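Coordinates from final.pdb are shown below (PDB, C-alpha atoms (C1' of nucleotides)).
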MODEL        1
ATOM      1  CA  MET S   1     145.829  40.120 146.570
ATOM      2  CA  PRO S   2     144.148  42.072 149.374
ATOM      3  CA  ARG S   3     140.794  40.518 149.958
ATOM      4  CA  PRO S   4     138.205  42.625 151.783
ATOM      5  CA  ARG S   5     138.559  40.449 154.833
ATOM      6  CA  ALA S   6     137.945  43.229 157.268
ATOM      7  CA  THR S   7     134.262  42.960 156.608
ATOM      8  CA  THR S   8     132.780  39.576 155.918
ATOM      9  CA  ARG S   9     129.817  39.189 153.656
ATOM     10  CA  THR S  10     127.533  42.148 153.654
ATOM     11  CA  ILE S  11     123.832  41.713 154.139
ATOM     12  CA  GLU S  12     121.207  43.932 152.575
ATOM     13  CA  HIS S  13     119.032  45.908 154.933
ATOM     14  CA  PRO S  14     116.098  48.081 153.915
ATOM     15  CA  ASP S  15     115.794  51.676 154.978
ATOM     16  CA  VAL S  16     112.999  51.686 157.525
ATOM     17  CA  ALA S  17     111.481  54.610 155.669
ATOM     18  CA  GLN S  18     110.813  52.234 152.815
ATOM     19  CA  VAL S  19     109.145  49.405 154.696
ATOM     20  CA  SER S  20     105.367  49.381 154.771
ATOM     21  CA  LEU S  21     103.078  48.766 157.696
ATOM     22  CA  GLN S  22     101.833  45.786 155.758
ATOM     23  CA  GLN S  23     105.316  44.298 155.693
ATOM     24  CA  VAL S  24     105.879  44.793 159.396
ATOM     25  CA  LEU S  25     102.534  43.338 160.357
ATOM     26  CA  GLU S  26     103.046  40.356 158.081
ATOM     27  CA  ALA S  27     106.412  39.842 159.736
ATOM     28  CA  LEU S  28     105.012  40.034 163.254
ATOM     29  CA  VAL S  29     101.869  38.002 162.721
ATOM     30  CA  ASP S  30     103.797  34.757 162.678
ATOM     31  CA  PRO S  31     104.141  33.358 166.206
ATOM     32  CA  VAL S  32     107.585  31.951 165.560
ATOM     33  CA  ARG S  33     108.856  35.293 164.321
ATOM     34  CA  ARG S  34     107.193  37.068 167.220
ATOM     35  CA  GLY S  35     108.954  34.598 169.482
ATOM     36  CA  VAL S  36     112.256  35.589 167.934
ATOM     37  CA  VAL S  37     111.541  39.282 168.449
ATOM     38  CA  THR S  38     110.404  38.686 172.009
ATOM     39  CA  GLN S  39     113.512  36.726 172.888
ATOM     40  CA  LEU S  40     115.668  39.445 171.377
ATOM     41  CA  ALA S  41     113.874  42.118 173.383
ATOM     42  CA  ARG S  42     114.108  40.141 176.617
ATOM     43  CA  ALA S  43     117.760  39.364 176.119
ATOM     44  CA  GLY S  44     118.460  43.050 175.637
ATOM     45  CA  GLU S  45     121.392  42.146 173.445
ATOM     46  CA  GLU S  46     122.205  40.568 170.141
ATOM     47  CA  MET S  47     121.784  36.849 169.674
ATOM     48  CA  SER S  48     123.151  34.482 167.094
ATOM     49  CA  CYS S  49     120.664  32.544 164.992
ATOM     50  CA  GLY S  50     121.439  29.290 166.717
ATOM     51  CA  THR S  51     120.623  30.518 170.207
ATOM     52  CA  PHE S  52     116.911  31.006 169.674
ATOM     53  CA  ASP S  53     114.313  28.688 171.071
ATOM     54  CA  ALA S  54     111.885  27.860 168.308
ATOM     55  CA  PRO S  55     109.762  24.853 167.385
ATOM     56  CA  VAL S  56     110.890  24.703 163.773
ATOM     57  CA  SER S  57     113.809  23.410 161.762
ATOM     58  CA  VAL S  58     116.888  25.516 161.108
ATOM     59  CA  SER S  59     116.065  26.021 157.465
ATOM     60  CA  THR S  60     112.677  27.354 158.428
ATOM     61  CA  LEU S  61     114.307  29.646 160.962
ATOM     62  CA  THR S  62     116.530  31.026 158.231
ATOM     63  CA  HIS S  63     113.407  31.927 156.318
ATOM     64  CA  HIS S  64     111.907  33.695 159.339
ATOM     65  CA  PHE S  65     115.053  35.714 159.915
ATOM     66  CA  ASN S  66     114.967  36.816 156.294
ATOM     67  CA  VAL S  67     111.388  37.997 156.631
ATOM     68  CA  LEU S  68     112.169  39.940 159.791
ATOM     69  CA  ARG S  69     115.222  41.540 158.233
ATOM     70  CA  GLU S  70     113.415  42.517 155.038
ATOM     71  CA  ALA S  71     110.697  44.083 157.150
ATOM     72  CA  GLY S  72     113.285  46.229 158.901
ATOM     73  CA  VAL S  73     112.627  44.647 162.269
ATOM     74  CA  ILE S  74     116.076  43.173 162.819
ATOM     75  CA  ARG S  75     119.613  43.865 161.692
ATOM     76  CA  GLN S  76     121.947  40.998 160.900
ATOM     77  CA  TYR S  77     125.676  40.665 160.410
ATOM     78  CA  TYR S  78     128.150  37.873 160.343
ATOM     79  CA  VAL S  79     130.686  37.137 163.016
ATOM     80  CA  GLY S  80     132.626  34.202 161.728
ATOM     81  CA  THR S  81     130.153  31.507 160.849
ATOM     82  CA  MET S  82     127.644  32.938 163.254
ATOM     83  CA  LYS S  83     125.014  35.417 162.245
ATOM     84  CA  MET S  84     124.122  37.945 164.860
ATOM     85  CA  ASN S  85     120.657  39.433 165.190
ATOM     86  CA  ALA S  86     119.748  42.786 166.684
ATOM     87  CA  LEU S  87     116.426  44.549 167.032
ATOM     88  CA  ARG S  88     116.150  47.812 165.121
ATOM     89  CA  LEU S  89     114.115  49.276 167.946
ATOM     90  CA  GLU S  90     114.827  52.993 167.611
ATOM     91  CA  GLU S  91     114.471  52.962 163.850
ATOM     92  CA  MET S  92     111.184  51.107 164.001
ATOM     93  CA  GLU S  93     110.060  53.499 166.682
ATOM     94  CA  SER S  94     110.666  56.469 164.453
ATOM     95  CA  ARG S  95     108.902  54.798 161.560
ATOM     96  CA  PHE S  96     105.964  53.240 163.430
ATOM     97  CA  PRO S  97     105.807  54.888 166.842
ATOM     98  CA  GLY S  98     104.529  52.645 169.587
ATOM     99  CA  LEU S  99     104.003  49.620 167.401
ATOM    100  CA  LEU S 100     106.808  47.358 168.568
ATOM    101  CA  PRO S 101     106.460  48.348 172.230
ATOM    102  CA  ALA S 102     102.749  47.575 172.119
ATOM    103  CA  ILE S 103     103.297  44.170 170.575
ATOM    104  CA  LEU S 104     106.176  43.348 172.886
ATOM    105  CA  ALA S 105     104.129  44.358 175.907
ATOM    106  CA  ALA S 106     101.191  42.295 174.729
ATOM    107  CA  ALA S 107     103.413  39.323 173.999
ATOM    108  CA  GLY S 108     104.764  39.588 177.504
ATOM    109  CA  THR S 109     101.357  39.069 179.080
ATOM    110  CA  GLU S 110     100.271  36.414 176.652
ATOM    111  CA  THR S 111      99.595  32.875 177.605
ATOM    112  CA  ARG S 112     102.668  30.932 176.668
ATOM    113  CA  THR S 113     103.102  31.084 172.975
ATOM    114  CA  ALA S 114     103.892  27.764 171.386
ATOM    115  CA  LEU S 115     107.609  27.815 171.760
ATOM    116  CA  ARG S 116     108.759  24.253 171.750
TER     117      ARG S 116
ATOM    118  CA  MET G   1      54.642  50.385 167.427
ATOM    119  CA  PRO G   2      57.870  49.801 169.360
ATOM    120  CA  ARG G   3      60.892  51.550 167.981
ATOM    121  CA  PRO G   4      63.433  49.528 165.985
ATOM    122  CA  ARG G   5      64.989  47.241 168.535
ATOM    123  CA  ALA G   6      68.420  45.710 168.197
ATOM    124  CA  THR G   7      67.190  42.608 169.945
ATOM    125  CA  THR G   8      66.012  40.849 166.854
ATOM    126  CA  ARG G   9      69.028  38.686 166.404
ATOM    127  CA  THR G  10      71.751  38.429 168.951
ATOM    128  CA  ILE G  11      75.353  38.380 167.825
ATOM    129  CA  GLU G  12      78.086  36.696 169.817
ATOM    130  CA  HIS G  13      80.953  38.854 170.972
ATOM    131  CA  PRO G  14      84.046  37.613 172.728
ATOM    132  CA  ASP G  15      85.237  39.054 175.997
ATOM    133  CA  VAL G  16      88.348  41.003 175.083
ATOM    134  CA  ALA G  17      90.103  39.299 177.974
ATOM    135  CA  GLN G  18      89.799  36.067 176.043
ATOM    136  CA  VAL G  19      91.114  37.182 172.697
ATOM    137  CA  SER G  20      94.765  36.509 171.995
ATOM    138  CA  LEU G  21      97.343  38.818 170.506
ATOM    139  CA  GLN G  22      97.612  36.291 167.704
ATOM    140  CA  GLN G  23      93.939  36.730 166.884
ATOM    141  CA  VAL G  24      94.138  40.517 166.845
ATOM    142  CA  LEU G  25      97.242  40.581 164.681
ATOM    143  CA  GLU G  26      95.751  38.082 162.268
ATOM    144  CA  ALA G  27      92.691  40.297 162.082
ATOM    145  CA  LEU G  28      94.667  43.460 161.432
ATOM    146  CA  VAL G  29      97.210  42.055 159.000
ATOM    147  CA  ASP G  30      94.692  41.982 156.185
ATOM    148  CA  PRO G  31      94.641  45.295 154.318
ATOM    149  CA  VAL G  32      90.919  45.142 153.666
ATOM    150  CA  ARG G  33      90.167  44.631 157.341
ATOM    151  CA  ARG G  34      92.612  47.351 158.280
ATOM    152  CA  GLY G  35      90.786  49.564 155.827
ATOM    153  CA  VAL G  36      87.526  48.833 157.621
ATOM    154  CA  VAL G  37      89.065  49.681 160.983
ATOM    155  CA  THR G  38      90.629  52.844 159.619
ATOM    156  CA  GLN G  39      87.364  54.034 158.110
ATOM    157  CA  LEU G  40      85.588  53.344 161.382
ATOM    158  CA  ALA G  41      88.186  55.301 163.322
ATOM    159  CA  ARG G  42      88.099  58.226 160.933
ATOM    160  CA  ALA G  43      84.322  58.344 160.900
ATOM    161  CA  GLY G  44      84.316  58.484 164.683
ATOM    162  CA  GLU G  45      80.951  56.801 164.678
ATOM    163  CA  GLU G  46      79.282  53.556 163.835
ATOM    164  CA  MET G  47      78.862  52.514 160.240
ATOM    165  CA  SER G  48      76.639  49.962 158.615
ATOM    166  CA  CYS G  49      78.293  47.176 156.635
ATOM    167  CA  GLY G  50      77.152  48.593 153.335
ATOM    168  CA  THR G  51      78.769  51.983 153.800
ATOM    169  CA  PHE G  52      82.368  50.825 153.708
ATOM    170  CA  ASP G  53      84.630  51.377 150.762
ATOM    171  CA  ALA G  54      86.350  48.102 150.003
ATOM    172  CA  PRO G  55      87.639  46.395 146.869
ATOM    173  CA  VAL G  56      85.930  43.066 147.525
ATOM    174  CA  SER G  57      82.519  41.507 147.120
ATOM    175  CA  VAL G  58      79.894  41.728 149.836
ATOM    176  CA  SER G  59      80.233  38.097 150.763
ATOM    177  CA  THR G  60      83.928  38.589 151.280
ATOM    178  CA  LEU G  61      83.228  41.648 153.378
ATOM    179  CA  THR G  62      80.929  39.594 155.561
ATOM    180  CA  HIS G  63      83.828  37.265 156.185
ATOM    181  CA  HIS G  64      86.102  40.164 157.141
ATOM    182  CA  PHE G  65      83.556  41.582 159.565
ATOM    183  CA  ASN G  66      83.282  38.186 161.211
ATOM    184  CA  VAL G  67      87.030  37.989 161.680
ATOM    185  CA  LEU G  68      87.167  41.472 163.169
ATOM    186  CA  ARG G  69      84.282  40.765 165.521
ATOM    187  CA  GLU G  70      85.700  37.429 166.685
ATOM    188  CA  ALA G  71      88.988  39.175 167.367
ATOM    189  CA  GLY G  72      87.209  41.654 169.599
ATOM    190  CA  VAL G  73      88.085  44.598 167.393
ATOM    191  CA  ILE G  74      84.532  45.599 166.480
ATOM    192  CA  ARG G  75      81.077  45.267 167.952
ATOM    193  CA  GLN G  76      78.102  44.552 165.705
ATOM    194  CA  TYR G  77      74.357  44.738 166.124
ATOM    195  CA  TYR G  78      71.376  44.760 163.882
ATOM    196  CA  VAL G  79      69.170  47.731 163.212
ATOM    197  CA  GLY G  80      66.478  46.447 160.950
ATOM    198  CA  THR G  81      68.184  44.792 158.031
ATOM    199  CA  MET G  82      71.287  46.864 158.555
ATOM    200  CA  LYS G  83      74.195  45.696 160.616
ATOM    201  CA  MET G  84      76.023  48.408 162.486
ATOM    202  CA  ASN G  85      79.718  48.284 163.269
ATOM    203  CA  ALA G  86      81.529  50.006 166.108
ATOM    204  CA  LEU G  87      85.155  49.950 167.155
ATOM    205  CA  ARG G  88      85.783  48.478 170.600
ATOM    206  CA  LEU G  89      88.512  51.025 171.181
ATOM    207  CA  GLU G  90      88.537  51.318 174.964
ATOM    208  CA  GLU G  91      88.247  47.602 175.507
ATOM    209  CA  MET G  92      91.062  46.858 173.106
ATOM    210  CA  GLU G  93      93.073  49.570 174.770
ATOM    211  CA  SER G  94      92.722  47.920 178.146
ATOM    212  CA  ARG G  95      93.603  44.535 176.722
ATOM    213  CA  PHE G  96      96.424  45.571 174.366
ATOM    214  CA  PRO G  97      97.495  49.069 175.364
ATOM    215  CA  GLY G  98      98.734  51.186 172.510
ATOM    216  CA  LEU G  99      98.259  48.546 169.855
ATOM    217  CA  LEU G 100      95.302  49.943 167.953
ATOM    218  CA  PRO G 101      96.464  53.564 168.221
ATOM    219  CA  ALA G 102      99.869  52.602 166.848
ATOM    220  CA  ILE G 103      98.389  50.764 163.906
ATOM    221  CA  LEU G 104      95.843  53.469 163.198
ATOM    222  CA  ALA G 105      98.540  56.130 163.327
ATOM    223  CA  ALA G 106     100.763  54.116 161.015
ATOM    224  CA  ALA G 107      97.889  53.449 158.634
ATOM    225  CA  GLY G 108      97.246  57.160 158.523
ATOM    226  CA  THR G 109     100.695  57.923 157.147
ATOM    227  CA  GLU G 110     100.768  54.987 154.778
ATOM    228  CA  THR G 111     100.815  55.313 151.067
ATOM    229  CA  ARG G 112      97.296  54.831 149.883
ATOM    230  CA  THR G 113      96.197  51.375 150.763
ATOM    231  CA  ALA G 114      94.392  49.568 147.996
ATOM    232  CA  LEU G 115      90.900  50.731 148.761
ATOM    233  CA  ARG G 116      88.844  50.518 145.667
TER     234      ARG G 116
ATOM    235  C1'  DA O   1     144.319  20.391 154.256
ATOM    236  C1'  DC O   2     140.710  18.459 157.005
ATOM    237  C1'  DT O   3     136.802  18.770 159.831
ATOM    238  C1'  DC O   4     133.186  20.444 162.282
ATOM    239  C1'  DA O   5     129.801  24.000 163.267
ATOM    240  C1'  DA O   6     126.652  27.406 161.620
ATOM    241  C1'  DT O   7     123.900  28.845 158.143
ATOM    242  C1'  DC O   8     121.939  29.024 153.423
ATOM    243  C1'  DT O   9     119.763  27.315 149.086
ATOM    244  C1'  DC O  10     116.767  24.551 146.634
ATOM    245  C1'  DG O  11     112.740  21.870 145.636
ATOM    246  C1'  DA O  12     108.622  19.995 147.126
ATOM    247  C1'  DT O  13     104.538  19.639 149.971
ATOM    248  C1'  DA O  14     100.487  20.826 152.656
ATOM    249  C1'  DG O  15      97.231  23.713 154.634
ATOM    250  C1'  DC O  16      95.164  27.893 155.432
ATOM    251  C1'  DG O  17      92.874  32.008 154.105
ATOM    252  C1'  DG O  18      90.966  35.389 150.850
ATOM    253  C1'  DT O  19      88.066  35.441 147.035
ATOM    254  C1'  DC O  20      83.797  34.972 144.314
ATOM    255  C1'  DA O  21      79.027  33.746 142.563
ATOM    256  C1'  DA O  22      74.708  31.883 143.558
ATOM    257  C1'  DA O  23      71.171  30.836 146.459
ATOM    258  C1'  DC O  24      69.112  31.896 150.886
ATOM    259  C1'  DT O  25      67.296  34.679 154.984
ATOM    260  C1'  DT O  26      65.522  38.580 157.322
ATOM    261  C1'  DC O  27      63.334  42.811 157.693
ATOM    262  C1'  DA O  28      60.862  47.266 156.182
ATOM    263  C1'  DG O  29      57.377  49.383 153.528
ATOM    264  C1'  DC O  30      53.565  49.344 150.753
TER     265       DC O  30
ATOM    266  C1'  DG Z   1      51.280  38.907 151.110
ATOM    267  C1'  DC Z   2      54.758  41.063 147.629
ATOM    268  C1'  DT Z   3      59.002  43.264 146.669
ATOM    269  C1'  DG Z   4      63.341  45.214 147.316
ATOM    270  C1'  DA Z   5      67.280  46.094 150.287
ATOM    271  C1'  DA Z   6      70.903  44.408 153.373
ATOM    272  C1'  DG Z   7      73.584  40.575 154.860
ATOM    273  C1'  DT Z   8      74.586  35.598 155.183
ATOM    274  C1'  DT Z   9      75.737  30.912 153.831
ATOM    275  C1'  DT Z  10      77.599  27.523 151.064
ATOM    276  C1'  DG Z  11      80.853  25.484 148.130
ATOM    277  C1'  DA Z  12      84.618  25.804 145.314
ATOM    278  C1'  DC Z  13      88.992  27.707 143.735
ATOM    279  C1'  DC Z  14      93.557  29.480 144.051
ATOM    280  C1'  DG Z  15      97.599  31.593 145.627
ATOM    281  C1'  DC Z  16     100.554  32.162 149.188
ATOM    282  C1'  DT Z  17     103.430  30.816 152.937
ATOM    283  C1'  DA Z  18     105.237  27.965 156.575
ATOM    284  C1'  DT Z  19     107.362  23.784 156.683
ATOM    285  C1'  DC Z  20     110.856  20.207 155.927
ATOM    286  C1'  DG Z  21     115.077  17.433 154.262
ATOM    287  C1'  DA Z  22     119.062  17.163 151.614
ATOM    288  C1'  DG Z  23     122.878  19.089 149.840
ATOM    289  C1'  DA Z  24     125.879  23.266 149.399
ATOM    290  C1'  DT Z  25     128.604  27.079 151.477
ATOM    291  C1'  DT Z  26     131.412  29.540 154.607
ATOM    292  C1'  DG Z  27     134.583  30.173 158.357
ATOM    293  C1'  DA Z  28     137.342  28.589 162.708
ATOM    294  C1'  DG Z  29     140.263  25.612 164.762
ATOM    295  C1'  DT Z  30     143.484  22.093 164.668
TER     296       DT Z  30
ENDMDL
END
Is it possible to give me this structure as structure tokens?
Amino acid sequence: MPRPRATTRTIEHPDVAQVSLQQVLEALVDPVRRGVVTQLARAGEEMSCGTFDAPVSVSTLTHHFNVLREAGVIRQYYVGTMKMNALRLEEMESRFPGLLPAILAAAGTETRTALR
Amino acid sequence: MPRPRATTRTIEHPDVAQVSLQQVLEALVDPVRRGVVTQLARAGEEMSCGTFDAPVSVSTLTHHFNVLREAGVIRQYYVGTMKMNALRLEEMESRFPGLLPAILAAAGTETRTALR
DNA sequence: ACTCAATCTCGATAGCGGTCAAACTTCAGC
DNA sequence: GCTGAAGTTTGACCGCTATCGAGATTGAGT
């Protein structure tokens, strides 16, 4: 019985054309989620869920990742038991030009956000 | 008879250097407040509190104006019994470059926000 | 098969924030 | 001084969301 093992579980991602500004702003207004996005941007590469520095429990982090994904901000896929996270930078840029860069730049000059 | 002076009551305004990204995002995440900012930007001039189109009561609007002012997004001053509102565009631009333009641009292409 | 690591699901809680109506203040004009 | 117009304040309500712990799931390695 050939199981579709080649691809593990698939995760639903919205088309960025369908996400609203409201959704994106709601996603980015939470400091923990903004911390996630900032760390992703700084790393310049994908990160698994467990490698983020955040002052909340893992179950809460799961929730935050869901919100970010449903807002089209990040893309997620499984690699074994790990879940990788990637910024959807270009797509967000085409949908909301300048928005993410502006927030990332501002977050960079912010007084230390409450991470940890 | 001296002309209508704005010095009747003084209103506190924060230095934009002291407002946090968190504050600004919290201010702009509310659709009603974003509607206020959008209308101000489109008008290209100052507007009194009573001239905004918003789906909430006046007391609620007062609250929203307070939030926007404390976030450094708008400047307010009295002219008689009217309270005028002006966008602090340049100041916000120097503090959070590109942020307001990005949000205003995105709001412009949004499906009709619930105004009314 | 067993076990551990990584993540998710569920249920419950707590606090914040948007909302309103009603009463109050402040000013302009008569 | 009145009166009306423009905002504000107060107090209460309510819904939403971030939060957690406990238990379930899924996959890798042995």
*Grab the Cα RMSD for chain G fitted onto chain S, all atoms paired in sequence order, one decimal please.*
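For chain S versus chain G, the C-alpha RMSD is 2.4 Å.
Taking all atoms listed in the file into account, those protein, DNA and RNA residues with any atom at most 12 Å away from (105.1, 31.9, 154.5) amount to Glu26, Ala27, Leu28, Val29, Asp30, Pro31, Val32, Arg33, Thr60, Leu61, His63, His64, Phe65, Asn66, Val67 and Leu68 of chain S; DG15 and DC16 of chain O; DG15, DC16, DT17, DA18 and DT19 of chain Z.
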Set up a box along x, y and z of the file covering all listed atoms of region 30-48 of chain S, add 4 Å on every one of the six sides, and write the centre and edge lengths in Å to one decimal, as lines of an AutoDock Vina configuration file.
center_x = 113.5
center_y = 37.5
center_z = 169.6
size_x = 27.4
size_y = 19.1
size_z = 21.9
When the PyMOL selection byres ((chain S) within 10 of (chain Z)) is applied to the file above, which residues end up in the set, as a PDB file with C-alpha atoms, in the coordinates of the input?
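Written file, result25.pdb:
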ATOM      1  CA  THR S   8     132.780  39.576 155.918  1.00  0.00           C
ATOM      2  CA  ARG S   9     129.817  39.189 153.656  1.00  0.00           C
ATOM      3  CA  ASP S  30     103.797  34.757 162.678  1.00  0.00           C
ATOM      4  CA  VAL S  56     110.890  24.703 163.773  1.00  0.00           C
ATOM      5  CA  SER S  57     113.809  23.410 161.762  1.00  0.00           C
ATOM      6  CA  VAL S  58     116.888  25.516 161.108  1.00  0.00           C
ATOM      7  CA  SER S  59     116.065  26.021 157.465  1.00  0.00           C
ATOM      8  CA  THR S  60     112.677  27.354 158.428  1.00  0.00           C
ATOM      9  CA  HIS S  63     113.407  31.927 156.318  1.00  0.00           C
ATOM     10  CA  HIS S  64     111.907  33.695 159.339  1.00  0.00           C
ATOM     11  CA  VAL S  79     130.686  37.137 163.016  1.00  0.00           C
ATOM     12  CA  GLY S  80     132.626  34.202 161.728  1.00  0.00           C
ATOM     13  CA  THR S  81     130.153  31.507 160.849  1.00  0.00           C
ATOM     14  CA  MET S  82     127.644  32.938 163.254  1.00  0.00           C
TER      15      MET S  82
END
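The interface of chain S with chain G at 8 Å, considering all atoms listed in the file, consists of Ser20, Leu21, Gln22, Leu25, Glu26, Leu28, Val29, Pro31, Phe96, Pro97, Gly98, Leu99, Ala102, Ile103, Ala105, Ala106, Ala107 and Glu110 of chain S.
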*asked:* I need the contact residues of chain O against chain G, so if you could list those with any atom within 10 Å, counting all atoms listed in the file, and return them as number ranges by chain, that would help.
replied: O: 18-21, 26-28
_Test item: the PyMOL selection byres ((chain G and resi 89) around 12) resolved as JSON, numbers by chain_ = {"G": [16, 37, 38, 40, 41, 44, 45, 72, 73, 74, 75, 86, 87, 88, 90, 91, 92, 93, 94, 95, 96, 97, 98, 99, 100, 101, 104]}
*Point-to-point distance from CA of Ala54 (chain G) to CA of Gln39 (chain G), Å rounded to tenths*: 10.1 Å
_Using the chain letters and numbers from this file, what does the PyMOL selection byres ((chain G and resi 48) around 8) select? Give the answer as a ChimeraX atom specification._
/G:46-47,49-52,82-85
*d(CA of Val36 (chain S), CA of Arg69 (chain S)) in Å*: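 These atoms are spaced 11.8 Å apart.
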*Measure the distance from CA of Ile11 (chain G) to CA of Tyr77 (chain G) in Å and round it to one decimal.*
6.7 Å
